[in-house]
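For reference, the structure is listed below as structure tokens.
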Amino acid sequence: MNDDTPNSNESRVADQPEVKAQDNAANNGAAKNAAAKAPRKKAAAKKATAKKATAKKATAKKAAARKAPAKKATAKKAAPKKAAAKRQAKPASVVIVGAGFAGLGMAIRLKQAGVNDFVILERGDRVGGTWRDNTYPGAACDIPSNLYSYSFAPNPEWSRSFSGSNEILDYIHYLVDEFDLEKHIRFNCNVTDLSFQEKAGLWEATLEKGEVVRGRTAVMAQGPLSNASFPNIEGLDEFKGKKIHSARWDHDYDFTGKRVAVIGTGASGIQIVPELVKTVGKLKVFQRTPGWVVPRPDFKTPDWHKKLFKKVPASQKAVRQALFWTHETMAMAVIWNSPLTRVAERLSLAHLHNQVEDDWMRRQLTPDFRIGCKRVLVSNDYYPALQKDNAELITWPIARLAPNGIRTSDGVEHQLDCIVFATGFDVSKSGTPFPVKGLDGRRLDEEWQGGAQAYKSINVAGYPNLFLTFGPNSGPGHNSALVYMESQLDYAVKGILRILDGNLKMLDVKEDVQQRHNQRLQKRLAKTNWNSGCKSWYLTEDGFNATMFPGFATQYQRQMAQFEEQDYQLMPA
């Protein structure tokens with residue numbers, strides 16, 4: 001049993017000054033050491049008599065030795081001793097990995113539940129996650145802003161129906177300021193290993209520089225879209241021109257008059273193309289598979305609308321609910337094959353016919369798979385951009401990259417100055433972004449080789465006190481990811497409070513419970529459009545769907561509403 005373990009909400013809150021001091025110590029060790037010496041000097045001074053200066057020093061040393069028995073050490077040996085003390089610092093109640101939407105949302109819900117001794121480890125130097133990294137021209141969300149935000153932190157100031165990346169990032173910074181989160185965040189802390197110490201009942205996060213951060217519970221909130229992915233194309237390193245990934249945009253590169261290629265026509269690609277075509281000399285868009293594109297009802301928010309939301313918050317809540325139920329209806333079109341699927345396909349084809357005049361181009365842009373099988377795209381300006389005089393749609397498969405451009409399978413080499421890769425991210429459908437080690441030496445990446453699985457997308461058997469965000473089978477195909485996220489955060493808080501308030505050493509979901517849960521999920525997924533035959537990032541190479549939730553958002557919320565203790569093994573500290 002750990003004597004440092006708090007037993008109630010009150011004790012966690014009372015411990016906050018101490019934890020806060022430890023957080024500050026991680027960033028300013030010298031200040032802590034000086035502060036730690038002050039009480040000892042003061043105590044020595046009280047006991048010291050009016051003797052010579054040397055006698056006073058001797059008395060102080062004796063007093064210090066009585067308080068903290070330790071080996072005699074020279075000044076040179078003091079530094080290692082202090083470092084050891086830092087490693088043995090009291091563990092936080094929660095270690096959160098990632099300061100994007102998920103990590104910050106987790107922190108807010110913990111604070112609202114009375115848990116204040118948590119630390120957020122962020123590998124970057126700023127918050128924001130995906131929205132910090134994706135700053136390419138035209139970057140925006142394809143979910144309405146009033147729905148792509150937290151219900152417990154509404155923003156009445158959205159400038160448009162669908163806000164751009166800069167405004168979303170501003171909202172994320174607002175969350176940090178409004179809920180006083182910055183003091184909990186440690187930047188430039190790249191986690192390279194996350195291991196559960198069974199004897200102590202603690203998670204240890206090892207940072208890139210070797211430091212270990214301990215916590216009674218851990219939350220993986222690094223997000224699914226955090227590691228940029230380049231395609232596996234022959235000759236990738238041979239191209240001598242400029243290469244830019246959409247998630248690592250080079251704002252110093254001048255596109256004016258350049259010969260530019262865009263590889264990828266997914267959600268990022270269709271936002272980049274309309275912006276690049278305005279400045280480049282020649283733009284070639286390399287399409288492997290056309291997607292279903294629907295109109296984007298994007299409008300500027302009038303001032304009176306913002307004022308109404310501020311004065312009458314219930315009005316914004318009503319708008320959010322209307323958007324939620326509108327998107328919830330879309331599930332019938334994109335998740336399952338129903339009459340609404342035909343309606344959605346006709347709407348998309350009508351959008352294509354209205355915007356593209358040329359019959360041959362329309363044929364090239366018409367999907368040959370069921371809508372919903374891949375991510376549905378939302379745009380008003382992608383099709384018009386492809387028809388500009390300086391744009392060209394290339395549908396021949398890419399054979400390889402050459403020193404001066406791209407060679408396609410028809411034998412043509414396209415001469416280029418720059419290639420933009422709008423090719424997405426390495427999504428952990430069958431692995432983890434860093435080693436995660438549980439009981440008895442288990443490794444999550446090894447167990448997920450056949451496809452990631454969890455219980456309710458948030459807990460994994462054999463990895464006690466660990467909570468996932470955007471975990472397996474929590475992805476929506478029709479509604480806001482943050483709606484699903486809120487359910488995950490609230491469920492995680494319930495589990496964390498059970499551990500802290502119940503003074504548990506371990507809370508671990510039962511293996512058989514997890515297996516039954518996933519058997520039911522995969523049976524339901526087999527009947528969805530995602531599993532209807534097309535190849536998408538939702539699936540592993542062998543077709544296992546570890547990404548999407550096969551149902552309505554309301555069904556997911558219902559699944560996460562109750563923390564059913566009988567599904568877990570509980571071990572007291």
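Ligands are numbered from 1 in the order shown, residues from 1 within each chain, and chains are lettered A, B, ... in the order they appear in the structure tokens.
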- Item | alpha helix (DSSP H) residues, from DSSP on the backbone, in segment 325-468 of chain A, as an MDAnalysis selection string | chainID A and resid 325:334 339:355 359:364 382:386 444:447
- Tell me, as a VMD selection string, which residues lie within 12 Å of Ala140 of chain A, counting only C-alpha atoms; anything in the same chain fewer than 6 positions away does not count. chain A and resid 130 to 131 134 148 160 to 169 267 to 272 296 298 378 to 379
- Task: Between A:Gln557, A:Ser151, A:Thr547, A:Gln449, single out the one closest to Gly471 of chain A, counting only C-alpha atoms.
- Result: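 When distances to Gly471 of chain A are compared using only C-alpha atoms, the smallest one comes from A:Thr547.
Proximity to Pro397 of chain A was assessed for A:Phe286, A:Trp336, A:Phe255, A:Trp325 counting only C-alpha atoms; the smallest distance is recorded for A:Phe286.
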Would you mind listing what lies within 10 Å of Pro572 of chain A as a PDB file with all heavy atoms, in the first residue's frame, with only C-alpha atoms counted and same-chain residues fewer than 2 positions away left out?
ATOM      1  N   MET A   1       0.848  -1.207   0.000  1.00  0.00           N
ATOM      2  CA  MET A   1       0.000   0.000   0.000  1.00  0.00           C
ATOM      3  C   MET A   1       0.873   1.242   0.000  1.00  0.00           C
ATOM      4  O   MET A   1       1.871   1.320   0.711  1.00  0.00           O
ATOM      5  CB  MET A   1      -0.900   0.003   1.233  1.00  0.00           C
ATOM      6  CG  MET A   1      -1.838   1.202   1.316  1.00  0.00           C
ATOM      7  SD  MET A   1      -3.011   1.011   2.665  1.00  0.00           S
ATOM      8  CE  MET A   1      -3.887   2.545   2.545  1.00  0.00           C
ATOM      9  N   GLY A 201       1.326  -0.348  -8.239  1.00  0.00           N
ATOM     10  CA  GLY A 201       0.024   0.067  -8.760  1.00  0.00           C
ATOM     11  C   GLY A 201       0.083   1.431  -9.407  1.00  0.00           C
ATOM     12  O   GLY A 201      -0.862   2.225  -9.307  1.00  0.00           O
ATOM     13  N   ILE A 499     -11.161   4.580  -8.563  1.00  0.00           N
ATOM     14  CA  ILE A 499      -9.814   4.194  -8.131  1.00  0.00           C
ATOM     15  C   ILE A 499      -9.335   5.070  -6.978  1.00  0.00           C
ATOM     16  O   ILE A 499      -8.848   4.572  -5.955  1.00  0.00           O
ATOM     17  CB  ILE A 499      -8.825   4.288  -9.317  1.00  0.00           C
ATOM     18  CG1 ILE A 499      -9.173   3.242 -10.376  1.00  0.00           C
ATOM     19  CG2 ILE A 499      -7.380   4.116  -8.843  1.00  0.00           C
ATOM     20  CD1 ILE A 499      -8.464   3.446 -11.703  1.00  0.00           C
ATOM     21  N   GLY A 502     -11.915   4.946  -3.834  1.00  0.00           N
ATOM     22  CA  GLY A 502     -11.935   3.611  -3.243  1.00  0.00           C
ATOM     23  C   GLY A 502     -10.560   3.127  -2.837  1.00  0.00           C
ATOM     24  O   GLY A 502     -10.417   1.997  -2.365  1.00  0.00           O
ATOM     25  N   ASN A 503      -9.541   3.978  -3.039  1.00  0.00           N
ATOM     26  CA  ASN A 503      -8.155   3.625  -2.712  1.00  0.00           C
ATOM     27  C   ASN A 503      -7.788   2.281  -3.331  1.00  0.00           C
ATOM     28  O   ASN A 503      -7.277   1.374  -2.663  1.00  0.00           O
ATOM     29  CB  ASN A 503      -7.942   3.590  -1.194  1.00  0.00           C
ATOM     30  CG  ASN A 503      -6.468   3.593  -0.828  1.00  0.00           C
ATOM     31  OD1 ASN A 503      -5.624   4.030  -1.618  1.00  0.00           O
ATOM     32  ND2 ASN A 503      -6.141   3.102   0.353  1.00  0.00           N
ATOM     33  N   LEU A 504      -8.071   2.141  -4.632  1.00  0.00           N
ATOM     34  CA  LEU A 504      -7.786   0.894  -5.326  1.00  0.00           C
ATOM     35  C   LEU A 504      -6.364   0.902  -5.888  1.00  0.00           C
ATOM     36  O   LEU A 504      -5.882   1.918  -6.371  1.00  0.00           O
ATOM     37  CB  LEU A 504      -8.772   0.692  -6.488  1.00  0.00           C
ATOM     38  CG  LEU A 504     -10.254   0.592  -6.144  1.00  0.00           C
ATOM     39  CD1 LEU A 504     -11.068   0.398  -7.416  1.00  0.00           C
ATOM     40  CD2 LEU A 504     -10.510  -0.555  -5.172  1.00  0.00           C
ATOM     41  N   LYS A 505      -5.762  -0.243  -5.836  1.00  0.00           N
ATOM     42  CA  LYS A 505      -4.454  -0.416  -6.471  1.00  0.00           C
ATOM     43  C   LYS A 505      -4.624  -0.672  -7.961  1.00  0.00           C
ATOM     44  O   LYS A 505      -3.851  -0.185  -8.784  1.00  0.00           O
ATOM     45  CB  LYS A 505      -3.709  -1.590  -5.817  1.00  0.00           C
ATOM     46  CG  LYS A 505      -2.298  -1.811  -6.336  1.00  0.00           C
ATOM     47  CD  LYS A 505      -1.648  -2.952  -5.574  1.00  0.00           C
ATOM     48  CE  LYS A 505      -0.218  -3.179  -6.040  1.00  0.00           C
ATOM     49  NZ  LYS A 505       0.421  -4.298  -5.293  1.00  0.00           N
ATOM     50  N   MET A 506      -5.658  -1.451  -8.284  1.00  0.00           N
ATOM     51  CA  MET A 506      -5.905  -1.777  -9.686  1.00  0.00           C
ATOM     52  C   MET A 506      -7.399  -1.863  -9.987  1.00  0.00           C
ATOM     53  O   MET A 506      -8.157  -2.410  -9.187  1.00  0.00           O
ATOM     54  CB  MET A 506      -5.233  -3.102 -10.068  1.00  0.00           C
ATOM     55  CG  MET A 506      -3.734  -3.035 -10.216  1.00  0.00           C
ATOM     56  SD  MET A 506      -3.041  -4.534 -10.955  1.00  0.00           S
ATOM     57  CE  MET A 506      -3.075  -5.632  -9.546  1.00  0.00           C
ATOM     58  N   LEU A 507      -7.774  -1.344 -11.119  1.00  0.00           N
ATOM     59  CA  LEU A 507      -9.109  -1.519 -11.687  1.00  0.00           C
ATOM     60  C   LEU A 507      -8.882  -1.988 -13.118  1.00  0.00           C
ATOM     61  O   LEU A 507      -8.346  -1.245 -13.945  1.00  0.00           O
ATOM     62  CB  LEU A 507      -9.906  -0.226 -11.634  1.00  0.00           C
ATOM     63  CG  LEU A 507     -11.359  -0.298 -12.133  1.00  0.00           C
ATOM     64  CD1 LEU A 507     -12.250   0.646 -11.325  1.00  0.00           C
ATOM     65  CD2 LEU A 507     -11.473   0.037 -13.615  1.00  0.00           C
ATOM     66  N   LEU A 570     -11.390  -5.521  -9.211  1.00  0.00           N
ATOM     67  CA  LEU A 570     -10.947  -4.448  -8.329  1.00  0.00           C
ATOM     68  C   LEU A 570      -9.989  -5.008  -7.283  1.00  0.00           C
ATOM     69  O   LEU A 570     -10.300  -6.011  -6.635  1.00  0.00           O
ATOM     70  CB  LEU A 570     -12.138  -3.785  -7.626  1.00  0.00           C
ATOM     71  CG  LEU A 570     -12.987  -2.793  -8.430  1.00  0.00           C
ATOM     72  CD1 LEU A 570     -13.710  -3.462  -9.580  1.00  0.00           C
ATOM     73  CD2 LEU A 570     -14.002  -2.111  -7.521  1.00  0.00           C
TER      74      LEU A 570
END
- Neighbour list for segment 173-175 of chain A as a list in words, cut-off 9 Å, only C-alpha atoms, skip fewer than 6 positions in-chain: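 Listed by chain and then number, they are Leu104, Gly105, Ile108, Val127, Gly128, Ala153 and Leu181 of chain A.
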Deliver the residues from the most recent selection as a file, using all heavy atoms, as a PDB file, in the first residue's frame.
ATOM      1  N   LEU A 104      -7.106  18.093 -23.081  1.00  0.00           N
ATOM      2  CA  LEU A 104      -7.616  19.273 -22.383  1.00  0.00           C
ATOM      3  C   LEU A 104      -9.035  19.027 -21.867  1.00  0.00           C
ATOM      4  O   LEU A 104      -9.395  19.451 -20.765  1.00  0.00           O
ATOM      5  CB  LEU A 104      -7.577  20.486 -23.304  1.00  0.00           C
ATOM      6  CG  LEU A 104      -6.177  20.902 -23.786  1.00  0.00           C
ATOM      7  CD1 LEU A 104      -6.261  22.063 -24.762  1.00  0.00           C
ATOM      8  CD2 LEU A 104      -5.275  21.254 -22.610  1.00  0.00           C
ATOM      9  N   GLY A 105      -9.850  18.355 -22.672  1.00  0.00           N
ATOM     10  CA  GLY A 105     -11.197  18.012 -22.214  1.00  0.00           C
ATOM     11  C   GLY A 105     -11.154  17.116 -20.990  1.00  0.00           C
ATOM     12  O   GLY A 105     -11.938  17.282 -20.049  1.00  0.00           O
ATOM     13  N   ILE A 108     -10.299  19.248 -17.965  1.00  0.00           N
ATOM     14  CA  ILE A 108     -11.439  20.062 -17.520  1.00  0.00           C
ATOM     15  C   ILE A 108     -12.425  19.224 -16.713  1.00  0.00           C
ATOM     16  O   ILE A 108     -12.865  19.622 -15.622  1.00  0.00           O
ATOM     17  CB  ILE A 108     -12.151  20.700 -18.733  1.00  0.00           C
ATOM     18  CG1 ILE A 108     -11.238  21.723 -19.414  1.00  0.00           C
ATOM     19  CG2 ILE A 108     -13.455  21.372 -18.311  1.00  0.00           C
ATOM     20  CD1 ILE A 108     -11.736  22.187 -20.764  1.00  0.00           C
ATOM     21  N   VAL A 127      -0.178  23.873 -27.133  1.00  0.00           N
ATOM     22  CA  VAL A 127      -1.358  23.006 -27.135  1.00  0.00           C
ATOM     23  C   VAL A 127      -1.972  22.992 -28.531  1.00  0.00           C
ATOM     24  O   VAL A 127      -1.606  23.777 -29.399  1.00  0.00           O
ATOM     25  CB  VAL A 127      -2.404  23.490 -26.103  1.00  0.00           C
ATOM     26  CG1 VAL A 127      -1.837  23.490 -24.708  1.00  0.00           C
ATOM     27  CG2 VAL A 127      -2.928  24.887 -26.468  1.00  0.00           C
ATOM     28  N   GLY A 128      -2.924  22.092 -28.743  1.00  0.00           N
ATOM     29  CA  GLY A 128      -3.678  22.140 -29.992  1.00  0.00           C
ATOM     30  C   GLY A 128      -3.773  20.850 -30.754  1.00  0.00           C
ATOM     31  O   GLY A 128      -4.717  20.642 -31.516  1.00  0.00           O
ATOM     32  N   ALA A 153     -18.351  23.853 -22.660  1.00  0.00           N
ATOM     33  CA  ALA A 153     -17.572  25.075 -22.891  1.00  0.00           C
ATOM     34  C   ALA A 153     -17.991  25.690 -24.220  1.00  0.00           C
ATOM     35  O   ALA A 153     -17.221  25.733 -25.176  1.00  0.00           O
ATOM     36  CB  ALA A 153     -16.077  24.763 -22.892  1.00  0.00           C
ATOM     37  N   LEU A 181      -5.570  25.733 -17.127  1.00  0.00           N
ATOM     38  CA  LEU A 181      -4.931  24.438 -17.349  1.00  0.00           C
ATOM     39  C   LEU A 181      -3.429  24.515 -17.567  1.00  0.00           C
ATOM     40  O   LEU A 181      -2.732  23.505 -17.428  1.00  0.00           O
ATOM     41  CB  LEU A 181      -5.571  23.736 -18.559  1.00  0.00           C
ATOM     42  CG  LEU A 181      -7.067  23.439 -18.478  1.00  0.00           C
ATOM     43  CD1 LEU A 181      -7.524  22.745 -19.748  1.00  0.00           C
ATOM     44  CD2 LEU A 181      -7.403  22.595 -17.255  1.00  0.00           C
TER      45      LEU A 181
END
- From the set A:Leu497, A:Val483, A:Leu416, A:Ile244, which residue has the shortest atom-to-atom contact distance to Tyr136 of chain A, counting only C-alpha atoms? A:Ile244
- Compare A:Gly543, A:Pro472, A:Gly372, A:Pro550 by their minimum atom-to-atom distance to Gln514 of chain A, counting only C-alpha atoms, and give me the closest one.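 Looking only at the distances to Gln514 of chain A, the closest residue turns out to be A:Pro472.
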- Enumerate as a ChimeraX atom specification all residues of segment 181-394 of chain A assigned to strand (DSSP E or B) by DSSP on the backbone, naming them with the chain letters and numbers the document uses. /A:185-186,191-197,202-207,212-220,228,242-245,259-263,282-286,293-294,300,377-378,391-394
- Identify which of the residues A:Pro295, A:Lys282, A:Arg288, A:Pro464 lies closest to His414 of chain A, counting only C-alpha atoms when measuring atom-to-atom distances.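 Checking each candidate against His414 of chain A, we get A:Lys282 as the closest.
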